[in-house]
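What follows is a short report on a single structure.
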Amino acid sequence: MKRLSMSARIAVWCTMFVCLCLPAASAVYVEDFETYSLGTLTGQQGWTKISGTGRAEVYSDNGPTLSGNKCVRVDNLSGTYITLRKNISDLIADNKVLTIQYDVRNVTNGSLKYPTTFRFRVLDSSTGYPAIGNMHYDGGAGPASQAYAKYGTSNGWAPGGPAWTDPNWHTVVWRLNYATKEFVSVSFDGVQYPQPGWFFAYTSNKADLLEIYLAGPDGNNDIWEIDNIVLTSYPIPAAVSISQAKSLDDGAEVTLQGIVSAVFLNSDPPRFYIQQPDGVPCGIQVRCTGPQPFVNQKISLTGTMATDSETGERYVQATAGYQVTGSGKVAPVAMNLQAVGGGSLGLQQGVYGGSGTNNVGLLVKVCGRVTSKATDGSYIYISDGSPIDDGSGTPGIRVDLSEIEAIMRPECQVGHNVVVEGISSLYALGGRSHRLVKLRSTIDFTNYSLKVFKVMVINFDPVVPSVGKKLHEALGWNDPWSHTIAYINDLKEVSGCWAQYQIVEWHEVNYLAHFTDGFQYTAQEFYDMWRSCGGGCSWHSGTADYYRIINDFGIAAKVAAGEIDEVFMFGPPFACAFWEAAMAGPSPYFINGGTYYVPSAKRNFAIMGFNYEREVGCMLEDFCHRAECIMSRVYRPPQWWFPTWPITNNWDRFRMYDKIKSGEAACGTCHYAPNSQSDYDWGNTTYVWSYCDDWLYNWPNLIGIKRWVNCTEWGNGDMRLHHLWWLKHLPRKPGVNSDGKQNNWWKYICDFNSYPESR
């Protein structure tokens with residue numbers, strides 16, 4: 001064991017990307033193996049082999065976090081597995097938040113040495129269990145940072161961190177709150193992945209036993225290295241309320257706790273807002289150098305009170321960083337425009353002409369009609385009829401859109417009716433402080449003057465009798481509700497509000513869908529088969545009976561009456577056999593699935609098929625293929641799925657990729673990024689020329705600008721990020737092109753019934 005100097009502690013803490021420094025009462029334990037002798041680890045400085053025939057040695061190599069030339073290497077060259085443990089002093093006897101940091105390397109990564117499981121964990125010696133089942137498992141796609149934890153009333157696999165496919169060193173940090181029993185986050189190479197809503201899987205009231213473990217098939221010769229283990233525990237300091245803080249003078253030191261309600265990275269300086277987790281809603285701005293937290297994280301921070309000299313808004317200047325202690329949610333407070341800002345609270349001044357409860361710093365929800373729009377689109381004014389004027393001659397209050405990238409700001413024009421969520425803040429004009437609502441992203445903006453598509457969601461998610469839980473819970477799969485919200489938010493954001501979906505019906509169905517031949521799996525039957533052989537089972541062939549579903553839920557009549565516009569369906573793989581995207585109605589056509597003649601619906605409607613075993617990226621893939629099919633119907637290119645050279649239409653021009661014509665790539669397709677050489681090759685590092693910026697910024701007046709691009713543009717192989725990048729580039733400008741097609745392709749993709757070429 002090595003204890004660090006304060007300067008070394010700060011250096012280590014910074015590698016964990018948790019702002020600036022450690023609280024004074026923090027305890028740090030370091031295991032970097034530099035004082036060990038090369039050779040067998042067992043017997044050195046308290047390490048004991050508990051079981052297994054694998055091998056663990058102190059080896060000549062070093063991770064990146066701390067200097068040195070030694071690490072521990074474990075392998076199963078001639079054995080099966082190995083477990084080693086070491087007792088230490090309890091790290092959480094007094095301090096209740098624990099971070100577990102280490103450098104890890106899978107030396108044989110990419111050499112087909114899988115499946116394998118490697119883990120470093122901190123256990124409770126009295127039970128032999130950790131708080132969460134954190135580990136790195138490689139089933140063939142590269143190891144990921146996974147954790148077995150509790151969500152709701154059941155244990156399952158938390159989202160964790162990303163997989164990696166290289167044999168290089170990586171730094172991992174697990175964050176656990178022993179006071180609230182929360183699995184807070186995992187960080188991978190400095191990028192934090194919050195785990196909201198996940199709690200300890202096991203009873204663990206101490207952190208006094210270290211464990212290194214490797215498992216894999218006999219003789220698999222999978223080799224892992226670990227180094228620079230840094231365990232840090234710290235207390236959660238006592239705090240004053242936010243409302244009390246606002247009564248303190250500038251320069252006063254204050255400790256606050258709250259839930260992050262907004263983060264504004266593009267402000268100068270960057271800032272975020274926190275709200276009290278309970279009691280009377282109250283929020284405040286925080287300014288902090290270094291990385292900012294995530295929305296919905298619970299944090300504790302210490303800083304000094306200050307007042308913005310221009311606007312009069314009070315804020316905390318964090319002086320000792322912030323500590324993430326858990327997760328929570330903040331709901332916006334709805335109010336009319338007259339109430340925004342309010343009167344004074346302590347030393348926080350109110351807005352000009354304001355009265356009532358001060359809400360500066362609070363997440364609010366307001367509505368109104370757009371009365372003015374800045375020429376650069378950075379702000380708008382909205383009015384609900386309240387007698388408000390900032391002296392500019394425009395009625396209403398200002399809504400700040402500057403945090404959103406200019407090209408991606410939500411569509412709105414003067415006269416549009418909108419609902420917005422954002423932070424109640426201040427801006428200065430004419431020597432006074434006025435009401436301001438500051439948007440976090442396009443997700444916070446709904447334009448009711450554009451079409452809002454009403455959705456029915458049908459979740460085929462029966463209870464498994466032997467487990468007593470819904471199928472997705474019993475198998476530790478994804479929550480359909482949260483996935484639906486993420487999917488809807490993603491589409492809204494990348495479309496600039498042209499794809500606005502609203503859930504109007506949600507059906508929880510306690511059975512699995514019937515196949516067209518009448519066959520139906522029971523929940524127990526599917527559960528047992530999946531646990532026995534997964535995707536390798538001999539599953540029933542065919543597709544779901546869409547006509548039966550349409551009839552059972554009265555969908556056609558609801559579409560005809562305008563009560564719903566679209567249907568989302570969730571189910572497990574194989575047992576429901578949904579199309580990715582199907583169309584039904586009086587004149588249905590192929591959108592990457594079946595077509596179902598339902599004249600009583602009076603208009604066509606899409607039925608999206610989702611799988612709660614898979615991630616949001618797969619849901620977006622379904623939508624991307626739908627978009628490709630609709631645009632191919634609109635433009636009638638020589639090939640349905642792929643562009644051709646020479647280019648004959650704008651759709652082929654948009655989806656061109658380098659493999660088709662070198663040097664002429666634009667945005668590619670759903671499966672092919674601009675530089676892809678095969679399907680799903682979204683992680684290709686090769687640079688190619690692309691016109692993607694021309695499409696994003698200059699359409700419909702393309703001028704031929706291109707630049708070098710590779711996978712760093714679209715997420716380095718991440719499916720969801722690639723699809724968001726691709727959808728972001730879809731044209732959405734007003735007017736009709738010289739080819740007779742709409743300049744806004746989202747109209748075709750979402751509102752296909754309104755245009756003859758997509759009807």
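Following the order of the structure tokens, first chain is A, next is B, and so on, with residues numbered from 1 inside each chain and ligands from 1 in the order they appear.
Residues surrounding A:Arg119 within 10 Å are Thr83, Val104, Gly133, Asn134, Met135, His136, Tyr137, Ser145, Gln146, Glu211, Ile212, Tyr213, Leu214, Ala215, Trp224 and Ile226 of chain A [only C-alpha atoms; sequence separation below 4 positions excluded].
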Exercise for review: Just the residues within 12 Å of A:Pro64, please, counting only C-alpha atoms, with nothing from its chain fewer than 6 positions along; format it as a ChimeraX atom specification.
Suggested key: /A:12,15,32,70-71,102-105,168-172,189,226-229
Let me see the file: selected residues, C-alpha atoms, as a PDB file, in the first residue's frame.
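Writing the result to out_26.pdb gives the following:
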```
ATOM      1  CA  VAL A  12      -4.667  11.228  -9.625  1.00  0.00           C
ATOM      2  CA  THR A  15      -7.301  11.729 -14.196  1.00  0.00           C
ATOM      3  CA  ASP A  32       0.867   0.334  -8.071  1.00  0.00           C
ATOM      4  CA  LYS A  70       5.636  -2.832 -12.928  1.00  0.00           C
ATOM      5  CA  CYS A  71       2.095  -4.169 -13.117  1.00  0.00           C
ATOM      6  CA  TYR A 102      -7.298   1.332 -12.220  1.00  0.00           C
ATOM      7  CA  ASP A 103      -5.461   0.941 -15.509  1.00  0.00           C
ATOM      8  CA  VAL A 104      -6.379  -2.228 -17.382  1.00  0.00           C
ATOM      9  CA  ARG A 105      -5.115  -3.884 -20.533  1.00  0.00           C
ATOM     10  CA  ASN A 168      -3.765  -0.951 -25.249  1.00  0.00           C
ATOM     11  CA  TRP A 169      -4.009   0.399 -21.691  1.00  0.00           C
ATOM     12  CA  HIS A 170      -7.271   2.021 -20.597  1.00  0.00           C
ATOM     13  CA  THR A 171      -8.298   3.757 -17.386  1.00  0.00           C
ATOM     14  CA  VAL A 172     -11.547   2.748 -15.684  1.00  0.00           C
ATOM     15  CA  ASP A 189     -10.574   6.901 -20.472  1.00  0.00           C
ATOM     16  CA  ILE A 226      -3.798  -4.304 -14.224  1.00  0.00           C
ATOM     17  CA  ASP A 227      -1.889  -1.425 -12.660  1.00  0.00           C
ATOM     18  CA  ASN A 228      -2.175   1.793 -10.679  1.00  0.00           C
ATOM     19  CA  ILE A 229      -5.135   0.870  -8.508  1.00  0.00           C
TER      20      ILE A 229
END
```
Point to revise | Residue among A:Tyr487, A:Val360, A:Asp694, A:Gly542 lying closest to A:Met619, counting only C-alpha atoms | key: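 Result for the nearest residue to A:Met619: A:Tyr487.
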Practice item. Based on DSSP run over this structure's backbone, return all residues of stretch 474-665 of chain A in helix (DSSP H, G or I), as a ChimeraX atom specification. Key: /A:474,480-495,523-536,546-552,555-560,599-601,616-635,650-655
Contact check, stretch 159-251 of chain A to stretch 296-318 of chain A, at most 8 Å, counting only C-alpha atoms, closest pairs as CSV:
```
residue,atom,partner,partner_atom,distance
A:Pro194,CA,A:Gln297,CA,7.7
A:Pro196,CA,A:Gln297,CA,7.6
A:Ile236,CA,A:Ser300,CA,7.1
A:Pro237,CA,A:Ser300,CA,7.5
A:Ala245,CA,A:Met305,CA,7.5
A:Lys246,CA,A:Arg314,CA,7.0
A:Leu248,CA,A:Met305,CA,7.1
A:Asp249,CA,A:Met305,CA,6.7
A:Asp250,CA,A:Ala306,CA,4.6
A:Gly251,CA,A:Thr304,CA,5.2
```
Selection export as an mmCIF file, in the first residue's frame, atoms kept: N, CA and C atoms:
```
data_model
loop_
_atom_site.group_PDB
_atom_site.id
_atom_site.type_symbol
_atom_site.label_atom_id
_atom_site.label_comp_id
_atom_site.auth_asym_id
_atom_site.auth_seq_id
_atom_site.Cartn_x
_atom_site.Cartn_y
_atom_site.Cartn_z
ATOM 1 N N PRO A 194 -22.872 7.954 -16.717
ATOM 2 C CA PRO A 194 -23.733 7.872 -15.530
ATOM 3 C C PRO A 194 -24.642 6.651 -15.595
ATOM 4 N N PRO A 196 -27.951 6.236 -13.958
ATOM 5 C CA PRO A 196 -29.077 6.701 -13.146
ATOM 6 C C PRO A 196 -30.062 5.579 -12.845
ATOM 7 N N ILE A 236 -19.625 12.940 2.509
ATOM 8 C CA ILE A 236 -20.579 13.855 1.907
ATOM 9 C C ILE A 236 -20.783 14.994 2.894
ATOM 10 N N PRO A 237 -20.286 16.181 2.610
ATOM 11 C CA PRO A 237 -20.311 17.254 3.602
ATOM 12 C C PRO A 237 -21.724 17.774 3.876
ATOM 13 N N ALA A 245 -28.339 29.940 0.701
ATOM 14 C CA ALA A 245 -27.117 30.412 0.046
ATOM 15 C C ALA A 245 -27.343 31.745 -0.649
ATOM 16 N N LYS A 246 -28.520 31.932 -1.218
ATOM 17 C CA LYS A 246 -28.796 33.171 -1.935
ATOM 18 C C LYS A 246 -28.895 34.378 -1.007
ATOM 19 N N LEU A 248 -26.577 34.852 1.369
ATOM 20 C CA LEU A 248 -25.225 35.096 1.843
ATOM 21 C C LEU A 248 -24.518 36.120 0.961
ATOM 22 N N ASP A 249 -23.614 36.862 1.556
ATOM 23 C CA ASP A 249 -22.875 37.883 0.826
ATOM 24 C C ASP A 249 -21.935 37.255 -0.195
ATOM 25 N N ASP A 250 -21.580 38.044 -1.216
ATOM 26 C CA ASP A 250 -20.548 37.618 -2.154
ATOM 27 C C ASP A 250 -19.259 37.328 -1.395
ATOM 28 N N GLY A 251 -18.601 36.236 -1.748
ATOM 29 C CA GLY A 251 -17.359 35.841 -1.087
ATOM 30 C C GLY A 251 -17.571 34.857 0.038
#
```
List as a compact mmCIF listing (two decimals) with C-alpha atoms, in the first residue's frame the protein and nucleic acid residues near A:Lys96, meaning an atom at most 8 Å away when only C-alpha atoms are counted, but skip any in the same chain fewer than 4 places from it.
```
# COMPACT_ATOMS: atom_id res chain seq x y z
CA ILE A 92 -15.91 3.46 3.95
CA ASN A 177 -22.25 5.70 -2.92
CA TYR A 178 -22.42 3.50 0.18
CA ALA A 179 -24.70 5.97 1.97
CA SER A 233 -13.27 7.52 -0.37
CA TYR A 234 -14.65 10.81 0.83
CA PRO A 235 -17.44 12.10 3.05
CA ILE A 236 -20.58 13.86 1.91
```
Review point. Near A:Pro269, within 12 Å and counting only C-alpha atoms, which residues show up once chain neighbours fewer than 3 positions away are dropped, as a PyMOL selection string?
Key: chain A and resi 263-266+272+285-290+292+308+317
Exercise for review: Enumerate, as a PyMOL selection string, the complete set of residues in stretch 230-262 of chain A that a backbone-based DSSP assignment places in strand (DSSP E).
Suggested key: chain A and resi 230-234+253-262
Practice item. Pick out the closest residue to A:Asn753 from this set: A:Gln639, A:Ser690, A:Ser587, A:Ser372. Count only C-alpha atoms. Key: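 Among the listed residues, the smallest separation from A:Asn753 belongs to A:Ser587.
Look at A:Trp579: the protein and nucleic acid residues within 7 Å of it, using only C-alpha atoms and passing over chain neighbours fewer than 3 places away, are A:Ala582, A:Gly593, A:Gly594, A:Gly609.
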Review point. Which one is closest to A:Asn744: A:Ala499, A:Cys576, A:Ala339, A:Ile380? Count only C-alpha atoms.
Key: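 That would be A:Ala499, the residue with the smallest distance to A:Asn744.
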If you count only C-alpha atoms, which residues fall within 10 Å of A:Ser26, apart from same-chain ones fewer than 5 positions away, as a CSV table (one decimal) with C-alpha atoms, in the first residue's frame?
```
chain,number,residue,atom,x,y,z
A,9,ARG,CA,-3.5,13.0,-4.9
A,91,LEU,CA,-12.3,2.5,3.3
A,94,ASP,CA,-16.5,7.1,7.8
A,95,ASN,CA,-16.4,8.2,4.2
A,97,VAL,CA,-18.5,7.6,-1.5
A,98,LEU,CA,-15.9,5.3,-3.1
A,232,THR,CA,-10.5,7.0,-2.9
A,233,SER,CA,-13.3,7.5,-0.4
A,234,TYR,CA,-14.6,10.8,0.8
A,235,PRO,CA,-17.4,12.1,3.1
```
Exercise for review: Have a look at atom CA of A:Lys365 and atom CA of A:Val333 and let me know their distance in Å, one decimal.
Suggested key: 5.8 Å
Review point. For A:Phe570, which of A:Arg603, A:Leu491, A:Asn459, A:Val509 is the closest residue, counting only C-alpha atoms?
Key: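 Of A:Arg603, A:Leu491, A:Asn459, A:Val509, the one nearest A:Phe570 is A:Asn459, counting only C-alpha atoms.
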Practice item. Tell me, in Å to one decimal, how far atom CA of A:Gly328 is from atom CA of A:Glu613. Key: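 Here the two named atoms are 25.0 Å from each other.
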Review point. So what do you get for atom CA of A:Leu721 versus atom CA of A:Asn611, distance-wise?
Key: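 Pair atom CA of A:Leu721 / atom CA of A:Asn611 returns 18.8 Å.
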Check your understanding: Residues at most 12 Å from A:Thr522, counting only C-alpha atoms, excluding those fewer than 6 positions away in the same chain, as a PyMOL selection string?
Key -> chain A and resi 460-465+471+510-514+528-529+572+575-576
Check your understanding: Quick one: of A:Val340, A:Ala474, A:Ala560, A:Thr357, who's nearest to A:Phe526, counting only C-alpha atoms?
Key -> A:Ala474
Within 10 Å of stretch 623-626 of chain A, which residues of stretch 531-603 of chain A show up? Give each one with its shortest atom-to-atom distance in Å (one decimal) and the two atoms involved, counting only C-alpha atoms, rows by chain then rising residue number, as JSON lines.
```
{"residue": "A:Glu580", "atom": "CA", "partner": "A:Phe623", "partner_atom": "CA", "distance": 8.1}
{"residue": "A:Ala581", "atom": "CA", "partner": "A:Arg626", "partner_atom": "CA", "distance": 6.2}
{"residue": "A:Ala582", "atom": "CA", "partner": "A:Arg626", "partner_atom": "CA", "distance": 8.6}
{"residue": "A:Met583", "atom": "CA", "partner": "A:Arg626", "partner_atom": "CA", "distance": 9.8}
{"residue": "A:Phe590", "atom": "CA", "partner": "A:Arg626", "partner_atom": "CA", "distance": 8.6}
{"residue": "A:Ile591", "atom": "CA", "partner": "A:Arg626", "partner_atom": "CA", "distance": 4.9}
{"residue": "A:Asn592", "atom": "CA", "partner": "A:Arg626", "partner_atom": "CA", "distance": 6.1}
{"residue": "A:Gly593", "atom": "CA", "partner": "A:Arg626", "partner_atom": "CA", "distance": 8.9}
```
Emit the selected residues as a PDB file, in the first residue's frame, including N, CA, C and O atoms.
```pdb
ATOM      1  N   GLU A 580     -38.878  -4.335 -39.051  1.00  0.00           N
ATOM      2  CA  GLU A 580     -38.279  -3.097 -38.535  1.00  0.00           C
ATOM      3  C   GLU A 580     -39.228  -1.929 -38.752  1.00  0.00           C
ATOM      4  O   GLU A 580     -39.405  -1.085 -37.873  1.00  0.00           O
ATOM      5  N   ALA A 581     -39.796  -1.848 -39.944  1.00  0.00           N
ATOM      6  CA  ALA A 581     -40.753  -0.785 -40.249  1.00  0.00           C
ATOM      7  C   ALA A 581     -41.725  -1.320 -41.288  1.00  0.00           C
ATOM      8  O   ALA A 581     -41.311  -1.699 -42.389  1.00  0.00           O
ATOM      9  N   ALA A 582     -42.986  -1.370 -40.943  1.00  0.00           N
ATOM     10  CA  ALA A 582     -44.030  -1.834 -41.851  1.00  0.00           C
ATOM     11  C   ALA A 582     -44.997  -0.692 -42.110  1.00  0.00           C
ATOM     12  O   ALA A 582     -45.042   0.292 -41.366  1.00  0.00           O
ATOM     13  N   MET A 583     -45.777  -0.833 -43.189  1.00  0.00           N
ATOM     14  CA  MET A 583     -46.789   0.191 -43.485  1.00  0.00           C
ATOM     15  C   MET A 583     -48.131  -0.487 -43.715  1.00  0.00           C
ATOM     16  O   MET A 583     -48.223  -1.537 -44.338  1.00  0.00           O
ATOM     17  N   PHE A 590     -43.526  -0.443 -49.384  1.00  0.00           N
ATOM     18  CA  PHE A 590     -42.393  -1.022 -48.647  1.00  0.00           C
ATOM     19  C   PHE A 590     -41.551   0.066 -47.980  1.00  0.00           C
ATOM     20  O   PHE A 590     -41.032   0.965 -48.641  1.00  0.00           O
ATOM     21  N   ILE A 591     -41.431  -0.037 -46.646  1.00  0.00           N
ATOM     22  CA  ILE A 591     -40.522   0.857 -45.910  1.00  0.00           C
ATOM     23  C   ILE A 591     -39.575   0.006 -45.048  1.00  0.00           C
ATOM     24  O   ILE A 591     -39.234   0.372 -43.945  1.00  0.00           O
ATOM     25  N   ASN A 592     -39.219  -1.138 -45.589  1.00  0.00           N
ATOM     26  CA  ASN A 592     -38.340  -2.130 -44.965  1.00  0.00           C
ATOM     27  C   ASN A 592     -39.121  -3.123 -44.103  1.00  0.00           C
ATOM     28  O   ASN A 592     -38.631  -3.580 -43.067  1.00  0.00           O
ATOM     29  N   GLY A 593     -40.321  -3.456 -44.568  1.00  0.00           N
ATOM     30  CA  GLY A 593     -41.138  -4.442 -43.874  1.00  0.00           C
ATOM     31  C   GLY A 593     -42.373  -4.776 -44.675  1.00  0.00           C
ATOM     32  O   GLY A 593     -42.524  -4.377 -45.839  1.00  0.00           O
TER      33      GLY A 593
END
```
